[in-house]
Structure formats: structure tokens, C-alpha cells
>>> print(open('structure-v8.pdb').read())   # PDB, C-alpha atoms
MODEL        1
ATOM      1  CA  MET A   1      96.007  31.650  86.539
ATOM      2  CA  ASN A   2      99.049  33.635  87.684
ATOM      3  CA  TRP A   3      98.895  35.779  84.600
ATOM      4  CA  LYS A   4      95.310  36.773  85.511
ATOM      5  CA  LYS A   5      96.497  37.908  88.942
ATOM      6  CA  ILE A   6      99.367  39.839  87.394
ATOM      7  CA  LEU A   7      96.993  41.485  84.892
ATOM      8  CA  LEU A   8      94.520  42.322  87.665
ATOM      9  CA  TRP A   9      97.271  43.842  89.830
ATOM     10  CA  THR A  10      98.642  45.790  86.862
ATOM     11  CA  VAL A  11      95.233  47.184  85.893
ATOM     12  CA  GLY A  12      94.488  47.945  89.551
ATOM     13  CA  GLY A  13      97.833  49.741  89.902
ATOM     14  CA  ILE A  14      97.194  51.808  86.782
ATOM     15  CA  VAL A  15      93.727  52.774  88.048
ATOM     16  CA  ILE A  16      95.149  53.773  91.457
ATOM     17  CA  ILE A  17      97.880  55.864  89.813
ATOM     18  CA  TYR A  18      95.309  57.527  87.525
ATOM     19  CA  VAL A  19      92.988  58.349  90.435
ATOM     20  CA  ALA A  20      95.936  59.727  92.432
ATOM     21  CA  LEU A  21      96.949  61.967  89.506
ATOM     22  CA  VAL A  22      93.386  63.241  89.104
ATOM     23  CA  ILE A  23      93.145  63.988  92.834
ATOM     24  CA  ALA A  24      96.545  65.717  92.756
ATOM     25  CA  ARG A  25      95.353  68.029  89.967
ATOM     26  CA  VAL A  26      92.161  69.105  91.759
ATOM     27  CA  PRO A  27      93.853  71.814  93.891
ATOM     28  CA  ASN A  28      95.581  73.211  90.797
ATOM     29  CA  SER A  29      92.279  73.326  88.930
ATOM     30  CA  LEU A  30      90.569  75.018  91.862
ATOM     31  CA  ASP A  31      93.393  77.587  92.050
ATOM     32  CA  LYS A  32      92.927  78.352  88.360
ATOM     33  CA  ILE A  33      89.194  78.808  88.815
ATOM     34  CA  ARG A  34      89.652  81.074  91.870
ATOM     35  CA  THR A  35      92.334  83.075  90.060
ATOM     36  CA  ALA A  36      90.098  83.534  87.003
ATOM     37  CA  GLU A  37      87.248  84.706  89.262
ATOM     38  CA  GLN A  38      89.572  87.153  91.029
ATOM     39  CA  VAL A  39      90.920  88.523  87.727
ATOM     40  CA  ALA A  40      87.338  89.101  86.544
ATOM     41  CA  LYS A  41      86.620  90.916  89.821
ATOM     42  CA  ILE A  42      89.750  93.077  89.404
ATOM     43  CA  HIS A  43      88.635  94.219  85.957
ATOM     44  CA  ALA A  44      85.038  94.727  87.108
ATOM     45  CA  THR A  45      86.070  97.051  89.952
ATOM     46  CA  LYS A  46      85.395 100.535  88.632
ATOM     47  CA  LEU A  47      85.118 104.063  89.876
ATOM     48  CA  THR A  48      81.595 105.505  89.836
ATOM     49  CA  LEU A  49      80.338 109.006  89.187
ATOM     50  CA  ASP A  50      78.958 109.087  92.737
ATOM     51  CA  ASP A  51      82.517 108.464  94.015
ATOM     52  CA  VAL A  52      83.814 111.422  92.004
ATOM     53  CA  LEU A  53      80.988 113.701  93.099
ATOM     54  CA  GLY A  54      81.441 112.726  96.755
ATOM     55  CA  LYS A  55      77.895 111.478  97.250
ATOM     56  CA  ASN A  56      79.050 108.822  99.716
ATOM     57  CA  LEU A  57      82.151 110.268 101.353
ATOM     58  CA  PRO A  58      83.336 108.259 104.350
ATOM     59  CA  PRO A  59      83.956 109.640 107.821
ATOM     60  CA  ASP A  60      87.547 110.469 108.699
ATOM     61  CA  PRO A  61      89.109 107.216 109.932
ATOM     62  CA  GLY A  62      91.556 109.086 112.163
ATOM     63  CA  ALA A  63      94.306 106.983 113.724
ATOM     64  CA  GLU A  64      92.635 103.768 112.531
ATOM     65  CA  ALA A  65      93.704 104.590 108.961
ATOM     66  CA  GLY A  66      97.287 103.497 109.494
ATOM     67  CA  LYS A  67      96.839 100.420 111.684
ATOM     68  CA  THR A  68      96.681  97.862 108.858
ATOM     69  CA  ILE A  69      98.071  97.612 105.342
ATOM     70  CA  ALA A  70      94.578  97.711 103.824
ATOM     71  CA  GLY A  71      93.417 100.582 106.029
ATOM     72  CA  ILE A  72      89.751 101.549 106.346
ATOM     73  CA  ASP A  73      87.169 101.620 103.545
ATOM     74  CA  ALA A  74      83.949 102.434 105.409
ATOM     75  CA  ASN A  75      81.960 103.339 102.285
ATOM     76  CA  LYS A  76      83.099 100.127 100.515
ATOM     77  CA  ASN A  77      84.063 101.765  97.224
ATOM     78  CA  GLY A  78      87.514 100.160  97.054
ATOM     79  CA  ILE A  79      89.396 103.374  97.871
ATOM     80  CA  ARG A  80      91.051 103.760 101.247
ATOM     81  CA  ASP A  81      89.094 106.402 103.170
ATOM     82  CA  ASP A  82      92.026 108.595 104.213
ATOM     83  CA  VAL A  83      93.282 108.736 100.617
ATOM     84  CA  GLU A  84      89.812 109.468  99.250
ATOM     85  CA  LEU A  85      89.294 112.306 101.732
ATOM     86  CA  ALA A  86      92.752 113.751 100.969
ATOM     87  CA  ILE A  87      91.913 113.884  97.250
ATOM     88  CA  PHE A  88      88.646 115.711  97.948
ATOM     89  CA  LYS A  89      90.372 118.129 100.304
ATOM     90  CA  GLU A  90      93.147 118.926  97.819
ATOM     91  CA  TYR A  91      90.945 119.131  94.699
ATOM     92  CA  PRO A  92      87.486 120.296  95.852
ATOM     93  CA  ASN A  93      86.821 122.248  92.652
ATOM     94  CA  SER A  94      87.977 119.791  90.000
ATOM     95  CA  ALA A  95      85.864 116.711  89.380
ATOM     96  CA  LYS A  96      88.154 115.735  86.481
ATOM     97  CA  THR A  97      91.216 115.677  88.715
ATOM     98  CA  ARG A  98      89.340 113.783  91.410
ATOM     99  CA  ALA A  99      88.144 111.262  88.805
ATOM    100  CA  VAL A 100      91.611 110.338  87.613
ATOM    101  CA  LEU A 101      93.196 110.421  91.077
ATOM    102  CA  LEU A 102      90.437 108.330  92.636
ATOM    103  CA  GLN A 103      90.807 105.785  89.816
ATOM    104  CA  TYR A 104      94.555 105.661  90.493
ATOM    105  CA  ALA A 105      93.963 105.295  94.248
ATOM    106  CA  LEU A 106      91.471 102.499  93.548
ATOM    107  CA  ALA A 107      94.072 100.620  91.508
ATOM    108  CA  LEU A 108      96.755 101.094  94.176
ATOM    109  CA  GLN A 109      94.366  99.901  96.884
ATOM    110  CA  MET A 110      93.719  96.699  94.931
ATOM    111  CA  GLU A 111      97.345  95.782  95.642
ATOM    112  CA  ALA A 112      96.665  95.856  99.384
ATOM    113  CA  ILE A 113      93.408  93.899  99.420
ATOM    114  CA  GLN A 114      93.974  91.012  97.011
ATOM    115  CA  PRO A 115      92.758  87.753  98.579
ATOM    116  CA  ILE A 116      94.739  85.768  96.003
ATOM    117  CA  VAL A 117      98.242  87.006  95.318
ATOM    118  CA  ASN A 118      99.880  85.161  92.460
ATOM    119  CA  LYS A 119     101.452  86.135  89.153
ATOM    120  CA  ASP A 120      98.110  86.382  87.345
ATOM    121  CA  THR A 121      96.290  88.547  89.883
ATOM    122  CA  VAL A 122      99.308  90.781  90.504
ATOM    123  CA  THR A 123      99.792  91.326  86.776
ATOM    124  CA  GLU A 124      96.141  92.264  86.272
ATOM    125  CA  VAL A 125      96.221  94.749  89.166
ATOM    126  CA  ILE A 126      99.365  96.316  87.697
ATOM    127  CA  ARG A 127      97.585  96.577  84.349
ATOM    128  CA  GLU A 128      94.761  98.455  86.089
ATOM    129  CA  GLU A 129      97.315 100.734  87.758
ATOM    130  CA  SER A 130      98.974 101.391  84.404
ATOM    131  CA  ARG A 131      95.581 102.204  82.877
ATOM    132  CA  ALA A 132      94.847 104.657  85.700
ATOM    133  CA  PHE A 133      98.277 106.262  85.309
ATOM    134  CA  VAL A 134      97.617 106.900  81.602
ATOM    135  CA  CYS A 135      94.256 108.380  82.561
ATOM    136  CA  ILE A 136      96.024 110.936  84.770
ATOM    137  CA  GLY A 137      98.106 112.001  81.792
ATOM    138  CA  ASP A 138      94.943 112.528  79.760
ATOM    139  CA  ILE A 139      93.847 115.512  81.855
ATOM    140  CA  VAL A 140      97.239 117.253  81.736
ATOM    141  CA  SER A 141      98.089 119.668  78.909
ATOM    142  CA  ARG A 142     100.697 118.343  76.469
ATOM    143  CA  GLU A 143     101.704 121.717  75.063
ATOM    144  CA  ASP A 144     104.927 121.706  77.086
ATOM    145  CA  LEU A 145     106.265 118.168  77.596
ATOM    146  CA  LYS A 146     108.434 119.163  80.545
ATOM    147  CA  LYS A 147     105.427 120.675  82.317
ATOM    148  CA  PHE A 148     103.368 117.637  81.304
ATOM    149  CA  ASP A 149     105.867 115.302  82.996
ATOM    150  CA  GLU A 150     106.075 117.521  86.074
ATOM    151  CA  GLN A 151     102.304 117.781  86.467
ATOM    152  CA  THR A 152     101.742 114.065  85.881
ATOM    153  CA  ASP A 153     104.464 113.241  88.416
ATOM    154  CA  LEU A 154     102.964 115.690  90.899
ATOM    155  CA  LEU A 155      99.502 114.108  90.635
ATOM    156  CA  THR A 156     100.696 110.506  90.881
ATOM    157  CA  LYS A 157     103.050 111.384  93.725
ATOM    158  CA  PHE A 158     100.157 112.999  95.621
ATOM    159  CA  VAL A 159      98.247 109.701  95.626
ATOM    160  CA  LYS A 160     101.260 107.420  96.136
ATOM    161  CA  GLU A 161     102.523 109.357  99.150
ATOM    162  CA  ARG A 162      99.179 108.957 100.845
ATOM    163  CA  GLN A 163      98.623 105.380  99.736
ATOM    164  CA  LEU A 164     102.101 104.221 100.769
ATOM    165  CA  ASN A 165     102.349 106.213 103.968
ATOM    166  CA  THR A 166     103.702 103.507 106.282
ATOM    167  CA  GLN A 167     106.760 101.287 106.100
ATOM    168  CA  GLU A 168     104.553  98.183 106.152
ATOM    169  CA  ARG A 169     102.593  99.412 103.142
ATOM    170  CA  LYS A 170     105.784 100.172 101.212
ATOM    171  CA  GLU A 171     107.224  96.729 102.005
ATOM    172  CA  PHE A 172     103.958  95.027 101.079
ATOM    173  CA  ARG A 173     103.919  96.820  97.730
ATOM    174  CA  THR A 174     107.530  95.832  97.032
ATOM    175  CA  ALA A 175     106.697  92.174  97.744
ATOM    176  CA  PHE A 176     103.552  92.475  95.615
ATOM    177  CA  TYR A 177     105.534  93.793  92.637
ATOM    178  CA  GLU A 178     107.985  90.892  92.837
ATOM    179  CA  LYS A 179     105.224  88.603  91.554
ATOM    180  CA  VAL A 180     104.332  90.614  88.442
ATOM    181  CA  GLY A 181     104.588  88.972  85.041
ATOM    182  CA  SER A 182     104.885  90.558  81.629
ATOM    183  CA  TYR A 183     101.786  92.262  80.309
ATOM    184  CA  ALA A 184     100.281  94.416  77.600
ATOM    185  CA  SER A 185      98.374  97.558  78.466
ATOM    186  CA  LEU A 186      94.596  97.461  78.703
ATOM    187  CA  GLU A 187      92.767  99.028  75.773
ATOM    188  CA  ARG A 188      90.067 100.918  77.671
ATOM    189  CA  LEU A 189      91.402 103.786  79.731
ATOM    190  CA  CYS A 190      89.358 105.821  82.164
ATOM    191  CA  ASP A 191      86.513 104.350  84.198
ATOM    192  CA  LEU A 192      84.505 107.528  83.554
ATOM    193  CA  ASP A 193      84.343 109.869  80.623
ATOM    194  CA  TYR A 194      85.892 112.841  82.411
ATOM    195  CA  SER A 195      85.124 115.119  79.440
ATOM    196  CA  THR A 196      81.500 115.100  80.633
ATOM    197  CA  LEU A 197      82.495 116.446  84.051
ATOM    198  CA  PRO A 198      81.922 120.163  84.624
ATOM    199  CA  ASN A 199      85.444 121.045  85.788
TER     200      ASN A 199
ENDMDL
END
>>> encode(input="structure-v8.pdb", output="C-alpha cells")
Amino acid sequence: MNWKKILLWTVGGIVIIYVALVIARVPNSLDKIRTAEQVAKIHATKLTLDDVLGKNLPPDPGAEAGKTIAGIDANKNGIRDDVELAIFKEYPNSAKTRAVLLQYALALQMEAIQPIVNKDTVTEVIREESRAFVCIGDIVSREDLKKFDEQTDLLTKFVKERQLNTQERKEFRTAFYEKVGSYASLERLCDLDYSTLPN
């Protein structure tokens, strides 16, 4: 009869340990699901033609623009309003330039608004940023490589200086980059076919 008690206690202990392990894995499984959903959202966030044409430009956020790391995005297109307006002000006559710079600004803004910041989401945002950076290079002439590098640097610097215009934003970006993993570039480049744009 003792052996039955021992067997019952052993089986009961194994069941309790199994249930505890299953319960312990639930948060990890939920994190994986939430991360996968966020990665899908990152890759689904795209620039639209209406953004490039300025059909829904936001009002100037004024002093409110610099009060938080994420800033203001009144028109909800994923681009910080002050950066979006600066691009339109600087390049009013070039939809192609606005297209690539707005895509780059969109990717940089994703760094500031990620609800889940882990290696997977950070890496996917950086992949989007890399894709946008390559897109900038696509609109610059490659006849003179030195001029190509200078022009590409000038365009990316224009957006970065506006996007990272406070110490808090710079520090946040540095901390964000510390979580990046290794990655391969994305195959598809520009969100829009800028060759169809008039200028």
C-alpha cells in the first residue's frame, strides 16, 4: 500500500512540475506573439503618395514638437510633424526628394514610437531605416562618386538633424541601437515608385 502512495505522490509531483513549466512558458509565448505582430506592423508601415504630395499636411506643432521623444504626429502618418513640415519647406518643388526623405523620416520615427523594444523589433526597424537610406541614394546621380557621397550625406543629415534635435532623442536612439541584432537588407526598396513622380 505504501508503494501506491509513493507512486501517487510521484505522479502528482510530475504533473505539478509539468503544469508549472507550462505556466512559466506562457509569458514567453505571449512575448513572441506580440513581437511577431509588431514586426508585421513595422513592415506594413509605408509612405503613401498622399504623404509625398502633401494632401494631409499637419499644422505646425510649435514648441510642443520637442517636449517628448516621440514628438507630435497630428496627421497620424508615422512621420513627426515638425520633420515632415521641414522636408516640405526645404524641397517644395521635388516630389522625388520628398518621397525618399519622408520614407527615411518614417523609419527614424519608428525608433521613437516602438511599443515593444527588443532585439527583434529593433533589428526590423533598422532594416527599414537601411532600406530608406538606400532609397535616398537611388535619386542621386552616380556619375561622380564623391558628389554622390556628399549629396547622399547631405540628404540624410538633413533628416537626422531634425529627427534627433534634442539630447533626449539622441540618447534614446543610442539606447535603441544597443539592442540591434545582425540582419540582412530587405529586398524591396522604396515605398513608392519615385520614377512616376513628376519632379
>>> closest_atom_pairs(input="structure-v8.pdb", of="range 110-133 of chain A", to="range 154-173 of chain A", cutoff="10 Å", atoms="all atoms listed in the file", output="JSON lines")
{"residue": "A:Glu111", "atom": "CA", "partner": "A:Arg173", "partner_atom": "CA", "distance": 7.0}
{"residue": "A:Ala112", "atom": "CA", "partner": "A:Arg173", "partner_atom": "CA", "distance": 7.5}
{"residue": "A:Ala132", "atom": "CA", "partner": "A:Thr156", "partner_atom": "CA", "distance": 9.8}
{"residue": "A:Phe133", "atom": "CA", "partner": "A:Thr156", "partner_atom": "CA", "distance": 7.4}
>>> atom_distance(input="structure-v8.pdb", atom1="CA of Asp193 in chain A", atom2="CA of Val100 in chain A")
10.1 Å
>>> closest_atom_pairs(input="structure-v8.pdb", of="range 95-164 of chain A", to="range 71-91 of chain A", cutoff="7 Å", atoms="all atoms listed in the file", output="CSV")
residue,atom,partner,partner_atom,distance
A:Thr97,CA,A:Tyr91,CA,6.9
A:Arg98,CA,A:Ile87,CA,6.4
A:Leu102,CA,A:Glu84,CA,6.7
A:Ala105,CA,A:Ile79,CA,6.1
A:Leu106,CA,A:Ile79,CA,4.9
A:Gln109,CA,A:Ile79,CA,6.1
A:Arg162,CA,A:Val83,CA,5.9
A:Gln163,CA,A:Val83,CA,6.4
>>> write_last_selection(input="structure-v8.pdb", atoms="C-alpha atoms", output="PDB file, in the frame of the given file")
ATOM      1  CA  THR A  97      91.216 115.677  88.715  1.00  0.00           C
ATOM      2  CA  ARG A  98      89.340 113.783  91.410  1.00  0.00           C
ATOM      3  CA  LEU A 102      90.437 108.330  92.636  1.00  0.00           C
ATOM      4  CA  ALA A 105      93.963 105.295  94.248  1.00  0.00           C
ATOM      5  CA  LEU A 106      91.471 102.499  93.548  1.00  0.00           C
ATOM      6  CA  GLN A 109      94.366  99.901  96.884  1.00  0.00           C
ATOM      7  CA  ARG A 162      99.179 108.957 100.845  1.00  0.00           C
ATOM      8  CA  GLN A 163      98.623 105.380  99.736  1.00  0.00           C
TER       9      GLN A 163
END
>>> atom_distance(input="structure-v8.pdb", atom1="CA of Pro61 in chain A", atom2="CA of Met110 in chain A")
18.9 Å
>>> residues_around(input="structure-v8.pdb", residues="Ile139 in chain A", least_positions_apart="2", cutoff="10 Å", atoms="all atoms listed in the file", output="PyMOL selection string")
chain A and resi 96-97+99-100+134-137+141-142+148+151-152+194-195
>>> closest_residue(input="structure-v8.pdb", among="A:Ser182, A:Asn199, A:Thr123, A:Ser130", to="Thr35 in chain A", atoms="only C-alpha atoms")
A:Thr123
>>> decode(input="structure-v8.pdb", residues="range 148-160 of chain A", atoms="all heavy atoms", output="short mmCIF file (atom, residue, chain, number, x, y, z; two decimals), in the first residue's frame")
data_model
loop_
_atom_site.label_atom_id
_atom_site.label_comp_id
_atom_site.auth_asym_id
_atom_site.auth_seq_id
_atom_site.Cartn_x
_atom_site.Cartn_y
_atom_site.Cartn_z
N PHE A 148 28.25 61.99 -55.26
CA PHE A 148 27.19 61.07 -54.83
C PHE A 148 27.21 60.94 -53.31
O PHE A 148 26.19 61.08 -52.65
CB PHE A 148 27.36 59.70 -55.49
CG PHE A 148 26.47 58.63 -54.91
CD1 PHE A 148 25.14 58.54 -55.31
CD2 PHE A 148 26.95 57.74 -53.96
CE1 PHE A 148 24.32 57.57 -54.78
CE2 PHE A 148 26.12 56.76 -53.43
CZ PHE A 148 24.80 56.67 -53.84
N ASP A 149 28.39 60.66 -52.74
CA ASP A 149 28.52 60.52 -51.29
C ASP A 149 28.14 61.82 -50.58
O ASP A 149 27.44 61.79 -49.56
CB ASP A 149 29.95 60.12 -50.91
CG ASP A 149 30.26 58.68 -51.29
OD1 ASP A 149 29.31 57.89 -51.49
OD2 ASP A 149 31.46 58.33 -51.37
N GLU A 150 28.60 62.94 -51.11
CA GLU A 150 28.30 64.23 -50.49
C GLU A 150 26.81 64.52 -50.50
O GLU A 150 26.24 64.95 -49.48
CB GLU A 150 29.05 65.36 -51.21
CG GLU A 150 30.55 65.36 -50.96
CD GLU A 150 31.29 66.36 -51.85
OE1 GLU A 150 30.65 67.04 -52.68
OE2 GLU A 150 32.52 66.44 -51.70
N GLN A 151 26.17 64.28 -51.62
CA GLN A 151 24.73 64.57 -51.74
C GLN A 151 23.91 63.63 -50.87
O GLN A 151 22.96 64.05 -50.20
CB GLN A 151 24.29 64.46 -53.22
CG GLN A 151 22.87 64.87 -53.47
CD GLN A 151 22.61 66.36 -53.19
OE1 GLN A 151 23.51 67.17 -53.19
NE2 GLN A 151 21.36 66.68 -52.94
N THR A 152 24.27 62.35 -50.87
CA THR A 152 23.57 61.38 -50.02
C THR A 152 23.71 61.76 -48.56
O THR A 152 22.74 61.74 -47.80
CB THR A 152 24.09 59.95 -50.28
OG1 THR A 152 23.94 59.66 -51.66
CG2 THR A 152 23.33 58.93 -49.48
N ASP A 153 24.94 62.11 -48.15
CA ASP A 153 25.18 62.53 -46.77
C ASP A 153 24.39 63.78 -46.42
O ASP A 153 23.83 63.89 -45.33
CB ASP A 153 26.67 62.79 -46.53
CG ASP A 153 27.50 61.52 -46.49
OD1 ASP A 153 26.91 60.42 -46.38
OD2 ASP A 153 28.74 61.62 -46.57
N LEU A 154 24.34 64.73 -47.35
CA LEU A 154 23.60 65.96 -47.14
C LEU A 154 22.11 65.69 -46.90
O LEU A 154 21.50 66.25 -45.97
CB LEU A 154 23.78 66.90 -48.34
CG LEU A 154 23.15 68.27 -48.25
CD1 LEU A 154 23.91 69.14 -47.26
CD2 LEU A 154 23.14 68.93 -49.62
N LEU A 155 21.53 64.81 -47.71
CA LEU A 155 20.11 64.50 -47.58
C LEU A 155 19.80 63.75 -46.28
O LEU A 155 18.84 64.08 -45.58
CB LEU A 155 19.63 63.70 -48.79
CG LEU A 155 19.59 64.47 -50.12
CD1 LEU A 155 19.37 63.51 -51.29
CD2 LEU A 155 18.53 65.55 -50.09
N THR A 156 20.61 62.75 -45.96
CA THR A 156 20.36 62.00 -44.72
C THR A 156 20.60 62.89 -43.49
O THR A 156 19.85 62.82 -42.52
CB THR A 156 21.22 60.73 -44.64
OG1 THR A 156 22.59 61.07 -44.78
CG2 THR A 156 20.81 59.72 -45.68
N LYS A 157 21.62 63.72 -43.57
CA LYS A 157 21.92 64.62 -42.46
C LYS A 157 20.77 65.60 -42.23
O LYS A 157 20.42 65.91 -41.09
CB LYS A 157 23.22 65.38 -42.74
CG LYS A 157 23.68 66.25 -41.61
CD LYS A 157 25.00 66.92 -41.96
CE LYS A 157 25.44 67.84 -40.83
NZ LYS A 157 26.67 68.56 -41.14
N PHE A 158 20.16 66.08 -43.32
CA PHE A 158 19.03 67.00 -43.21
C PHE A 158 17.93 66.39 -42.34
O PHE A 158 17.39 67.04 -41.43
CB PHE A 158 18.49 67.34 -44.61
CG PHE A 158 17.29 68.24 -44.57
CD1 PHE A 158 17.45 69.61 -44.44
CD2 PHE A 158 16.00 67.72 -44.63
CE1 PHE A 158 16.34 70.45 -44.38
CE2 PHE A 158 14.89 68.54 -44.57
CZ PHE A 158 15.07 69.91 -44.45
N VAL A 159 17.59 65.13 -42.59
CA VAL A 159 16.52 64.47 -41.83
C VAL A 159 17.00 64.15 -40.41
O VAL A 159 16.29 64.43 -39.44
CB VAL A 159 16.04 63.20 -42.55
CG1 VAL A 159 15.02 62.45 -41.70
CG2 VAL A 159 15.44 63.55 -43.90
N LYS A 160 18.19 63.58 -40.29
CA LYS A 160 18.68 63.20 -38.96
C LYS A 160 18.80 64.38 -38.01
O LYS A 160 18.47 64.27 -36.83
CB LYS A 160 20.04 62.50 -39.07
CG LYS A 160 19.96 61.04 -39.33
CD LYS A 160 21.34 60.42 -39.24
CE LYS A 160 21.27 58.95 -39.47
NZ LYS A 160 22.60 58.33 -39.49
#
